[in-house]
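Text of the file target_28.cif, holding mmCIF, C-alpha atoms:
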```cif
data_coords
#
loop_
_atom_site.group_PDB
_atom_site.id
_atom_site.type_symbol
_atom_site.label_atom_id
_atom_site.label_comp_id
_atom_site.auth_asym_id
_atom_site.auth_seq_id
_atom_site.Cartn_x
_atom_site.Cartn_y
_atom_site.Cartn_z
ATOM 1 C CA MET A 1342 -4.326 8.568 28.274
ATOM 2 C CA LYS A 1343 -7.086 9.524 25.939
ATOM 3 C CA ALA A 1344 -10.820 9.335 26.002
ATOM 4 C CA THR A 1345 -13.343 9.825 23.245
ATOM 5 C CA ILE A 1346 -16.813 11.073 24.095
ATOM 6 C CA LYS A 1347 -19.625 10.333 21.680
ATOM 7 C CA ILE A 1348 -22.592 12.662 22.127
ATOM 8 C CA MET A 1349 -25.925 12.016 20.426
ATOM 9 C CA LEU A 1350 -29.355 13.556 20.741
ATOM 10 C CA LYS A 1351 -31.626 11.329 22.804
ATOM 11 C CA ASN A 1352 -34.132 9.155 21.006
ATOM 12 C CA GLY A 1353 -37.308 11.152 20.568
ATOM 13 C CA VAL A 1354 -35.505 14.494 20.251
ATOM 14 C CA LEU A 1355 -35.932 15.823 16.716
ATOM 15 C CA ASP A 1356 -32.641 15.942 14.827
ATOM 16 C CA PRO A 1357 -33.250 18.334 11.916
ATOM 17 C CA GLN A 1358 -29.625 18.064 10.749
ATOM 18 C CA GLY A 1359 -29.953 14.300 10.516
ATOM 19 C CA LYS A 1360 -33.173 14.733 8.551
ATOM 20 C CA ALA A 1361 -31.526 17.196 6.141
ATOM 21 C CA ILE A 1362 -28.645 14.767 5.578
ATOM 22 C CA THR A 1363 -31.159 11.967 4.906
ATOM 23 C CA HIS A 1364 -32.812 14.104 2.230
ATOM 24 C CA ALA A 1365 -29.452 15.070 0.731
ATOM 25 C CA LEU A 1366 -28.352 11.437 0.475
ATOM 26 C CA ASP A 1367 -31.649 10.604 -1.136
ATOM 27 C CA GLY A 1368 -31.147 13.479 -3.583
ATOM 28 C CA LEU A 1369 -27.730 12.073 -4.488
ATOM 29 C CA GLY A 1370 -29.401 8.833 -5.453
ATOM 30 C CA PHE A 1371 -28.405 6.703 -2.464
ATOM 31 C CA ALA A 1372 -31.472 4.552 -2.021
ATOM 32 C CA GLY A 1373 -32.441 2.878 1.224
ATOM 33 C CA VAL A 1374 -31.163 5.392 3.777
ATOM 34 C CA LYS A 1375 -33.943 5.162 6.346
ATOM 35 C CA GLU A 1376 -32.681 7.579 8.953
ATOM 36 C CA VAL A 1377 -29.580 9.640 9.752
ATOM 37 C CA ARG A 1378 -28.746 10.873 13.236
ATOM 38 C CA GLN A 1379 -25.935 13.388 13.650
ATOM 39 C CA GLY A 1380 -23.917 13.744 16.825
ATOM 40 C CA LYS A 1381 -20.473 14.880 17.862
ATOM 41 C CA ILE A 1382 -17.202 13.399 19.018
ATOM 42 C CA ILE A 1383 -14.984 15.058 21.591
ATOM 43 C CA GLU A 1384 -11.446 13.788 22.190
ATOM 44 C CA LEU A 1385 -9.831 14.373 25.554
ATOM 45 C CA ASP A 1386 -6.103 14.069 26.224
ATOM 46 C CA LEU A 1387 -5.959 13.371 29.947
ATOM 47 C CA ALA A 1388 -3.400 13.001 32.713
ATOM 48 C CA GLU A 1389 -2.623 9.345 33.425
ATOM 49 C CA GLY A 1390 -4.885 7.925 36.096
ATOM 50 C CA THR A 1391 -7.843 10.210 35.417
ATOM 51 C CA LYS A 1392 -10.851 8.367 36.762
ATOM 52 C CA GLU A 1393 -13.807 7.571 34.558
ATOM 53 C CA ASN A 1394 -16.195 9.197 37.018
ATOM 54 C CA ALA A 1395 -14.269 12.462 36.586
ATOM 55 C CA ILE A 1396 -14.923 12.208 32.854
ATOM 56 C CA GLU A 1397 -18.592 11.520 33.550
ATOM 57 C CA GLU A 1398 -18.675 14.685 35.625
ATOM 58 C CA MET A 1399 -17.149 16.637 32.722
ATOM 59 C CA CYS A 1400 -19.895 15.299 30.481
ATOM 60 C CA ASP A 1401 -22.695 16.071 32.928
ATOM 61 C CA LYS A 1402 -21.443 19.557 33.728
ATOM 62 C CA LEU A 1403 -20.367 20.804 30.333
ATOM 63 C CA LEU A 1404 -19.745 18.490 27.408
ATOM 64 C CA ALA A 1405 -23.298 17.165 27.060
ATOM 65 C CA ASN A 1406 -26.689 18.586 27.896
ATOM 66 C CA PRO A 1407 -28.400 15.743 29.749
ATOM 67 C CA VAL A 1408 -31.849 17.150 28.943
ATOM 68 C CA ILE A 1409 -31.459 16.385 25.245
ATOM 69 C CA GLU A 1410 -28.245 14.401 24.798
ATOM 70 C CA ASP A 1411 -26.842 11.000 25.709
ATOM 71 C CA TYR A 1412 -23.120 10.428 25.885
ATOM 72 C CA GLU A 1413 -20.831 7.446 25.730
ATOM 73 C CA ILE A 1414 -17.270 7.464 27.060
ATOM 74 C CA MET A 1415 -14.725 5.369 25.225
ATOM 75 C CA MET A 1416 -11.284 5.012 26.788
ATOM 76 C CA VAL A 1417 -8.576 4.868 24.151
ATOM 77 C CA ALA A 1418 -5.629 2.633 24.961
ATOM 78 C CA MET B 1411 -33.718 51.204 40.234
ATOM 79 C CA LYS B 1412 -30.406 49.606 39.328
ATOM 80 C CA THR B 1413 -30.020 47.239 36.423
ATOM 81 C CA ALA B 1414 -26.968 45.170 35.518
ATOM 82 C CA ILE B 1415 -26.559 43.902 31.969
ATOM 83 C CA ILE B 1416 -23.969 41.137 31.826
ATOM 84 C CA VAL B 1417 -21.647 41.208 28.845
ATOM 85 C CA PHE B 1418 -19.797 38.151 27.557
ATOM 86 C CA PRO B 1419 -17.338 37.860 24.682
ATOM 87 C CA GLY B 1420 -19.658 37.668 21.683
ATOM 88 C CA THR B 1421 -22.603 39.457 23.296
ATOM 89 C CA ASN B 1422 -23.967 42.008 20.817
ATOM 90 C CA ARG B 1423 -27.426 43.093 21.982
ATOM 91 C CA GLU B 1424 -26.463 44.745 25.258
ATOM 92 C CA LYS B 1425 -26.867 48.309 23.992
ATOM 93 C CA ASP B 1426 -30.312 47.630 22.535
ATOM 94 C CA MET B 1427 -31.305 46.224 25.909
ATOM 95 C CA ALA B 1428 -29.842 49.225 27.758
ATOM 96 C CA ASP B 1429 -31.663 51.657 25.462
ATOM 97 C CA ALA B 1430 -34.973 49.876 26.065
ATOM 98 C CA ILE B 1431 -34.567 49.828 29.834
ATOM 99 C CA GLU B 1432 -33.434 53.447 29.901
ATOM 100 C CA ALA B 1433 -36.394 54.484 27.736
ATOM 101 C CA VAL B 1434 -38.851 52.859 30.113
ATOM 102 C CA SER B 1435 -37.175 53.490 33.483
ATOM 103 C CA GLY B 1436 -35.229 56.703 32.825
ATOM 104 C CA GLN B 1437 -32.102 55.080 34.273
ATOM 105 C CA ARG B 1438 -29.149 53.782 32.307
ATOM 106 C CA PRO B 1439 -28.210 50.173 33.190
ATOM 107 C CA GLU B 1440 -24.620 49.262 34.030
ATOM 108 C CA PHE B 1441 -22.671 46.860 31.848
ATOM 109 C CA ILE B 1442 -20.975 44.136 33.860
ATOM 110 C CA TRP B 1443 -18.170 42.087 32.302
ATOM 111 C CA HIS B 1444 -18.566 38.337 32.751
ATOM 112 C CA LYS B 1445 -15.347 38.065 34.777
ATOM 113 C CA GLU B 1446 -16.840 40.098 37.634
ATOM 114 C CA THR B 1447 -17.928 38.139 40.666
ATOM 115 C CA SER B 1448 -20.455 40.365 42.435
ATOM 116 C CA LEU B 1449 -23.958 41.391 41.467
ATOM 117 C CA ASP B 1450 -25.032 42.802 44.797
ATOM 118 C CA ASN B 1451 -27.208 45.906 44.918
ATOM 119 C CA TYR B 1452 -28.945 45.390 41.602
ATOM 120 C CA ASP B 1453 -32.721 45.200 41.346
ATOM 121 C CA LEU B 1454 -32.635 43.553 37.941
ATOM 122 C CA ILE B 1455 -29.996 41.463 36.185
ATOM 123 C CA VAL B 1456 -30.236 41.043 32.423
ATOM 124 C CA LEU B 1457 -28.567 38.470 30.195
ATOM 125 C CA PRO B 1458 -28.765 40.006 26.703
ATOM 126 C CA GLY B 1459 -28.666 38.467 23.256
ATOM 127 C CA GLY B 1460 -25.702 37.690 21.063
ATOM 128 C CA PHE B 1461 -23.369 34.824 20.342
ATOM 129 C CA SER B 1462 -21.376 34.352 23.537
ATOM 130 C CA TYR B 1463 -18.183 32.390 22.917
ATOM 131 C CA GLY B 1464 -19.223 31.967 19.288
ATOM 132 C CA ASP B 1465 -21.922 29.485 20.347
ATOM 133 C CA TYR B 1466 -19.161 26.890 20.834
ATOM 134 C CA LEU B 1467 -20.254 23.446 22.051
ATOM 135 C CA ARG B 1468 -23.919 24.508 22.498
ATOM 136 C CA CYS B 1469 -25.425 27.997 22.542
ATOM 137 C CA GLY B 1470 -24.915 29.459 26.007
ATOM 138 C CA ALA B 1471 -22.962 26.443 27.262
ATOM 139 C CA MET B 1472 -19.623 28.207 27.724
ATOM 140 C CA ALA B 1473 -21.159 31.373 29.165
ATOM 141 C CA ALA B 1474 -23.033 29.224 31.675
ATOM 142 C CA HIS B 1475 -19.665 28.527 33.334
ATOM 143 C CA SER B 1476 -18.288 32.065 33.286
ATOM 144 C CA PRO B 1477 -17.119 33.464 36.644
ATOM 145 C CA ILE B 1478 -20.177 35.724 36.983
ATOM 146 C CA MET B 1479 -22.538 32.755 36.734
ATOM 147 C CA LYS B 1480 -21.867 31.478 40.265
ATOM 148 C CA GLU B 1481 -22.988 34.866 41.484
ATOM 149 C CA LEU B 1482 -25.965 34.811 39.134
ATOM 150 C CA LEU B 1483 -27.040 31.473 40.623
ATOM 151 C CA ARG B 1484 -26.732 32.981 44.098
ATOM 152 C CA GLN B 1485 -28.851 35.972 43.079
ATOM 153 C CA ALA B 1486 -31.383 33.632 41.451
ATOM 154 C CA GLU B 1487 -31.770 31.791 44.751
ATOM 155 C CA ARG B 1488 -32.146 35.094 46.613
ATOM 156 C CA GLY B 1489 -35.028 36.009 44.316
ATOM 157 C CA THR B 1490 -33.330 38.881 42.498
ATOM 158 C CA ARG B 1491 -35.212 39.560 39.259
ATOM 159 C CA ILE B 1492 -33.398 38.103 36.227
ATOM 160 C CA PHE B 1493 -34.357 38.554 32.583
ATOM 161 C CA GLY B 1494 -32.689 36.609 29.768
ATOM 162 C CA VAL B 1495 -33.323 37.243 26.080
ATOM 163 C CA CYS B 1496 -32.238 35.039 23.179
ATOM 164 C CA ASN B 1497 -28.647 33.993 24.000
ATOM 165 C CA GLY B 1498 -29.448 35.050 27.574
ATOM 166 C CA PHE B 1499 -32.369 32.610 27.586
ATOM 167 C CA GLN B 1500 -30.038 29.921 26.257
ATOM 168 C CA MET B 1501 -27.696 30.635 29.195
ATOM 169 C CA LEU B 1502 -30.535 30.376 31.732
ATOM 170 C CA ILE B 1503 -31.400 27.018 30.176
ATOM 171 C CA GLU B 1504 -27.773 25.801 30.166
ATOM 172 C CA THR B 1505 -27.341 26.722 33.842
ATOM 173 C CA GLN B 1506 -30.621 24.860 34.490
ATOM 174 C CA ILE B 1507 -32.018 27.965 36.171
ATOM 175 C CA LEU B 1508 -34.877 27.432 33.715
ATOM 176 C CA PRO B 1509 -36.048 23.970 32.590
ATOM 177 C CA GLY B 1510 -35.914 22.384 29.131
ATOM 178 C CA ALA B 1511 -33.487 22.831 26.264
ATOM 179 C CA LEU B 1512 -33.104 24.896 23.096
ATOM 180 C CA LEU B 1513 -32.471 22.960 19.899
ATOM 181 C CA ARG B 1514 -31.583 23.979 16.363
ATOM 182 C CA ASN B 1515 -34.573 25.545 14.587
ATOM 183 C CA ASN B 1516 -36.503 22.768 12.874
ATOM 184 C CA SER B 1517 -35.975 24.518 9.500
ATOM 185 C CA LEU B 1518 -32.197 24.557 10.184
ATOM 186 C CA LYS B 1519 -32.297 28.222 9.167
ATOM 187 C CA PHE B 1520 -31.318 31.276 11.157
ATOM 188 C CA ILE B 1521 -34.606 33.185 11.407
ATOM 189 C CA CYS B 1522 -34.709 36.971 11.586
ATOM 190 C CA LYS B 1523 -38.223 38.372 11.385
ATOM 191 C CA HIS B 1524 -41.135 39.712 13.413
ATOM 192 C CA VAL B 1525 -43.421 37.250 15.153
ATOM 193 C CA HIS B 1526 -46.550 37.473 17.265
ATOM 194 C CA LEU B 1527 -46.425 36.377 20.862
ATOM 195 C CA LYS B 1528 -49.187 35.800 23.335
ATOM 196 C CA ALA B 1529 -48.593 36.365 27.015
ATOM 197 C CA GLU B 1530 -49.933 33.189 28.557
ATOM 198 C CA ASN B 1531 -50.101 34.377 32.099
ATOM 199 C CA THR B 1532 -50.765 38.072 32.641
ATOM 200 C CA THR B 1533 -51.258 37.864 36.392
ATOM 201 C CA GLU B 1534 -47.585 37.150 37.028
ATOM 202 C CA SER B 1535 -44.792 39.564 37.761
ATOM 203 C CA PHE B 1536 -43.038 40.360 34.461
ATOM 204 C CA THR B 1537 -46.092 40.083 32.205
ATOM 205 C CA HIS B 1538 -48.756 41.655 34.419
ATOM 206 C CA LYS B 1539 -48.976 44.808 32.303
ATOM 207 C CA LEU B 1540 -49.988 42.804 29.264
ATOM 208 C CA SER B 1541 -53.476 41.785 30.428
ATOM 209 C CA ASN B 1542 -55.157 44.216 28.013
ATOM 210 C CA THR B 1543 -52.779 43.542 25.130
ATOM 211 C CA PRO B 1544 -51.605 39.948 25.532
ATOM 212 C CA VAL B 1545 -50.619 39.682 21.843
ATOM 213 C CA ILE B 1546 -47.414 41.562 21.036
ATOM 214 C CA HIS B 1547 -45.380 41.804 17.847
ATOM 215 C CA VAL B 1548 -41.612 41.554 18.296
ATOM 216 C CA PRO B 1549 -38.544 40.381 16.354
ATOM 217 C CA ILE B 1550 -36.750 37.077 16.653
ATOM 218 C CA ALA B 1551 -33.180 36.511 15.494
ATOM 219 C CA HIS B 1552 -31.871 33.048 16.272
ATOM 220 C CA GLY B 1553 -30.659 29.757 14.860
ATOM 221 C CA ASP B 1554 -31.209 27.695 18.001
ATOM 222 C CA GLY B 1555 -34.540 28.747 19.466
ATOM 223 C CA ASN B 1556 -36.514 25.554 19.189
ATOM 224 C CA TYR B 1557 -37.677 25.098 22.783
ATOM 225 C CA PHE B 1558 -37.713 21.464 23.799
ATOM 226 C CA ALA B 1559 -39.338 19.989 26.869
ATOM 227 C CA ASN B 1560 -40.036 16.309 27.413
ATOM 228 C CA ASP B 1561 -43.421 15.267 28.828
ATOM 229 C CA ASN B 1562 -42.254 15.381 32.447
ATOM 230 C CA ILE B 1563 -40.823 18.893 32.113
ATOM 231 C CA LEU B 1564 -43.873 20.050 30.171
ATOM 232 C CA ASP B 1565 -46.275 18.743 32.809
ATOM 233 C CA ASP B 1566 -44.217 20.401 35.516
ATOM 234 C CA ILE B 1567 -44.001 23.844 33.884
ATOM 235 C CA LYS B 1568 -47.733 23.774 33.150
ATOM 236 C CA ALA B 1569 -48.555 22.773 36.711
ATOM 237 C CA HIS B 1570 -46.552 25.772 37.946
ATOM 238 C CA THR B 1571 -47.924 28.186 35.304
ATOM 239 C CA GLN B 1572 -44.383 28.814 34.058
ATOM 240 C CA ILE B 1573 -45.205 29.379 30.385
ATOM 241 C CA ALA B 1574 -44.836 33.141 29.864
ATOM 242 C CA PHE B 1575 -45.145 33.479 26.078
ATOM 243 C CA ARG B 1576 -46.231 31.343 23.163
ATOM 244 C CA TYR B 1577 -45.801 32.082 19.473
ATOM 245 C CA CYS B 1578 -49.151 32.764 17.806
ATOM 246 C CA ASP B 1579 -50.738 34.389 14.772
ATOM 247 C CA GLU B 1580 -51.961 37.982 14.725
ATOM 248 C CA ASN B 1581 -55.242 36.914 16.289
ATOM 249 C CA GLY B 1582 -53.531 35.225 19.218
ATOM 250 C CA ASP B 1583 -54.092 31.667 18.005
ATOM 251 C CA THR B 1584 -51.275 29.728 19.670
ATOM 252 C CA THR B 1585 -51.706 26.717 17.406
ATOM 253 C CA GLN B 1586 -50.336 28.895 14.584
ATOM 254 C CA GLY B 1587 -47.243 30.976 13.959
ATOM 255 C CA ASN B 1588 -44.585 28.639 15.345
ATOM 256 C CA PRO B 1589 -41.375 29.846 13.639
ATOM 257 C CA ASN B 1590 -38.886 27.270 14.877
ATOM 258 C CA GLY B 1591 -40.573 24.060 15.989
ATOM 259 C CA SER B 1592 -40.786 24.904 19.692
ATOM 260 C CA THR B 1593 -42.739 22.461 21.849
ATOM 261 C CA GLU B 1594 -46.326 23.753 22.082
ATOM 262 C CA ASN B 1595 -45.258 27.095 20.569
ATOM 263 C CA ILE B 1596 -43.403 28.032 23.771
ATOM 264 C CA ALA B 1597 -41.363 31.229 23.326
ATOM 265 C CA GLY B 1598 -40.565 32.124 26.925
ATOM 266 C CA ILE B 1599 -40.780 30.636 30.396
ATOM 267 C CA TYR B 1600 -40.603 31.637 34.033
ATOM 268 C CA ASN B 1601 -38.958 29.910 36.937
ATOM 269 C CA LYS B 1602 -41.359 28.514 39.500
ATOM 270 C CA ARG B 1603 -41.222 31.646 41.695
ATOM 271 C CA LYS B 1604 -41.771 33.967 38.701
ATOM 272 C CA THR B 1605 -38.664 35.953 39.582
ATOM 273 C CA ILE B 1606 -36.830 34.912 36.410
ATOM 274 C CA LEU B 1607 -38.017 35.145 32.800
ATOM 275 C CA GLY B 1608 -36.240 33.806 29.737
ATOM 276 C CA MET B 1609 -37.470 34.227 26.169
ATOM 277 C CA MET B 1610 -36.106 33.832 22.646
ATOM 278 C CA PRO B 1611 -37.727 36.928 21.032
ATOM 279 C CA HIS B 1612 -36.320 40.438 21.419
ATOM 280 C CA PRO B 1613 -38.875 42.753 23.084
ATOM 281 C CA GLU B 1614 -36.104 45.343 23.535
ATOM 282 C CA ASN B 1615 -36.261 45.945 19.790
ATOM 283 C CA ALA B 1616 -39.880 47.074 20.036
ATOM 284 C CA THR B 1617 -39.550 49.898 22.544
ATOM 285 C CA LEU B 1618 -38.285 53.027 20.735
ATOM 286 C CA ASP B 1619 -39.832 55.351 18.168
ATOM 287 C CA HIS B 1620 -37.321 54.389 15.506
ATOM 288 C CA HIS B 1621 -38.317 50.747 15.911
ATOM 289 C CA GLU B 1622 -41.721 51.851 14.605
ATOM 290 C CA ASN B 1623 -43.162 49.293 17.000
ATOM 291 C CA LEU B 1624 -43.715 49.890 20.700
ATOM 292 C CA SER B 1625 -45.308 46.594 21.569
ATOM 293 C CA GLY B 1626 -42.408 45.598 23.823
ATOM 294 C CA VAL B 1627 -42.886 48.579 26.144
ATOM 295 C CA GLY B 1628 -45.605 46.937 28.248
ATOM 296 C CA LEU B 1629 -43.355 44.009 29.072
ATOM 297 C CA PHE B 1630 -40.539 46.311 30.236
ATOM 298 C CA GLN B 1631 -42.994 48.371 32.272
ATOM 299 C CA GLY B 1632 -44.123 45.153 33.903
ATOM 300 C CA ILE B 1633 -40.538 44.049 34.602
ATOM 301 C CA LEU B 1634 -39.575 47.415 36.072
ATOM 302 C CA ASP B 1635 -42.814 47.978 37.949
ATOM 303 C CA GLY B 1636 -42.289 47.667 41.663
ATOM 304 C CA LEU B 1637 -38.497 47.401 41.486
ATOM 305 C CA GLY B 1638 -36.577 49.851 43.659
#
```

Using the file provided, produce a representation of the structure as structure tokens.
Amino acid sequence: MKATIKIMLKNGVLDPQGKAITHALDGLGFAGVKEVRQGKIIELDLAEGTKENAIEEMCDKLLANPVIEDYEIMMVA
Amino acid sequence: MKTAIIVFPGTNREKDMADAIEAVSGQRPEFIWHKETSLDNYDLIVLPGGFSYGDYLRCGAMAAHSPIMKELLRQAERGTRIFGVCNGFQMLIETQILPGALLRNNSLKFICKHVHLKAENTTESFTHKLSNTPVIHVPIAHGDGNYFANDNILDDIKAHTQIAFRYCDENGDTTQGNPNGSTENIAGIYNKRKTILGMMPHPENATLDHHENLSGVGLFQGILDGLG
């Protein structure tokens, strides 16, 4: 079984990379890009039967920093 | 006085730190590999700067789960003095020994230059020698030193006088001289008991004659004062 973890900076935490990408898109002539937020995706290949709360624990302990990041776990069929 | 400097794969500032501590204390620290599991019998434990584990995932995040870190947490609870600089500060943040987080510099650039710092609280343990010279001039060298604290954390660290250093200009104005976007110019913080200090700048690189800048000496004297 596989799980995908999407990690994003929390709302209100400055994302300078997102801002730089916004400016770069603007510079390329793409009008109307109001805001870009950049995050990361982590794919886990897991033993069958791994419980979702075990994945949450992985996120809380290592994969995300709960002070500045939110995460979302997506189980992949 | 016995000092342990913990070395991780990717640490690169351990010798600078050892030279600074030896210059001030007269005793050479011991280098402890991160796979060790005991830190008994040390008066001071130092987490030096560098790029542990190549800064994978988040700066300090992998090192925070190294074998030695369980022992570091135990020593932190016992009240053993701990000092983390740069990547070492990032580790203290990632282990949640110190509150807040360190984000990418707001300029997105790796910054390597001298900055001014003001010791916020010169009655406390590590910084008590800086009461006459609270403004010091030391280098920074980091890409992820933008200290972040939300309002709750900020209120809490202020209530417990945990802010050790703020970036400032040469006159000590802490509304100026912020190199990286840190919340309220914060450059270094204590734990609540003031037994642990973490900071992004490198005071160890302002302690020897060839640095042509000795403004870090007072901080090391304060750290070493009263230890063993």

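Put simply, atom CA of Ala1616 of chain B is 8.3 Å away from atom CA of Ala1430 of chain B.
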
### Task
Starting from chain B, keep only residues with some atom at most 12 Å from an atom of chain A, counting only C-alpha atoms, and report them as a ChimeraX atom specification.
/B:1466-1476,1500,1503-1506,1508-1519,1554,1556-1563,1590-1593

The centre and edge lengths of an axis-aligned box containing all atoms of segment 1568-1583 of chain B present in the file, extended by 6 Å on each side, are to be given in Å to one decimal, as JSON.
```
{"center_x": -49.8, "center_y": 30.4, "center_z": 26.3, "size_x": 22.9, "size_y": 27.2, "size_z": 35.2}
```

#### Entry: Residues near segment 1488-1493 of chain B, cut-off 6 Å, all atoms listed in the file, skip fewer than 3 positions along chain, as a PyMOL selection string
chain B and resi 1454-1456+1485+1605-1608

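Reported to one decimal place, the separation of atom CA of Gln1586 of chain B from atom CA of Gly1459 of chain B is 25.2 Å.
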
### Query
Got a sec to resolve the PyMOL selection byres ((chain B and resi 1574) around 7) on this structure and send the residues as a PyMOL selection string?
chain B and resi 1529-1531+1572-1573+1575+1598-1600

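You will find atom CA of His1526 of chain B at 5.4 Å from atom CA of Cys1578 of chain B.
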
### Message
Evaluate the PyMOL selection byres ((chain A and resi 1393) around 12) against this structure - the residues, as a PyMOL selection string, please.
### Response
chain A and resi 1342-1346+1385+1387-1392+1394-1400+1413-1417

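Distances here use only C-alpha atoms; by that measure, the residue among B:Met1610, B:Leu1624, B:Cys1522, B:Leu1634 closest to Gly1494 of chain B is B:Met1610.
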
### Query
For Leu1502 of chain B, which residue out of B:Glu1580, B:Leu1483, B:Val1434, B:Thr1571 is the nearest one, using only C-alpha atoms?
B:Leu1483

### Task
Carefully work through the PyMOL selection byres ((chain A and resi 1378) around 6) for this structure and note down the residues it includes, as a PyMOL selection string.
chain A and resi 1359+1377+1379

Save the residues we just selected, C-alpha atoms, as a PDB file, in the coordinates of the input?
```pdb
ATOM      1  CA  GLY A1359     -29.953  14.300  10.516  1.00  0.00           C
ATOM      2  CA  VAL A1377     -29.580   9.640   9.752  1.00  0.00           C
ATOM      3  CA  GLN A1379     -25.935  13.388  13.650  1.00  0.00           C
TER       4      GLN A1379
END
```

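Within 8 Å of Thr1363 of chain A, once all atoms listed in the file are used and residues closer than 6 positions along the same chain are dropped, the contacting residues are Val1374, Lys1375, Glu1376 and Val1377 of chain A.
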
### Task
Rank B:Ser1448, B:Ser1435, B:Asn1595, B:Thr1421 by their smallest atom-to-atom distance to Leu1637 of chain B, using only C-alpha atoms, and report the top residue only.
B:Ser1435
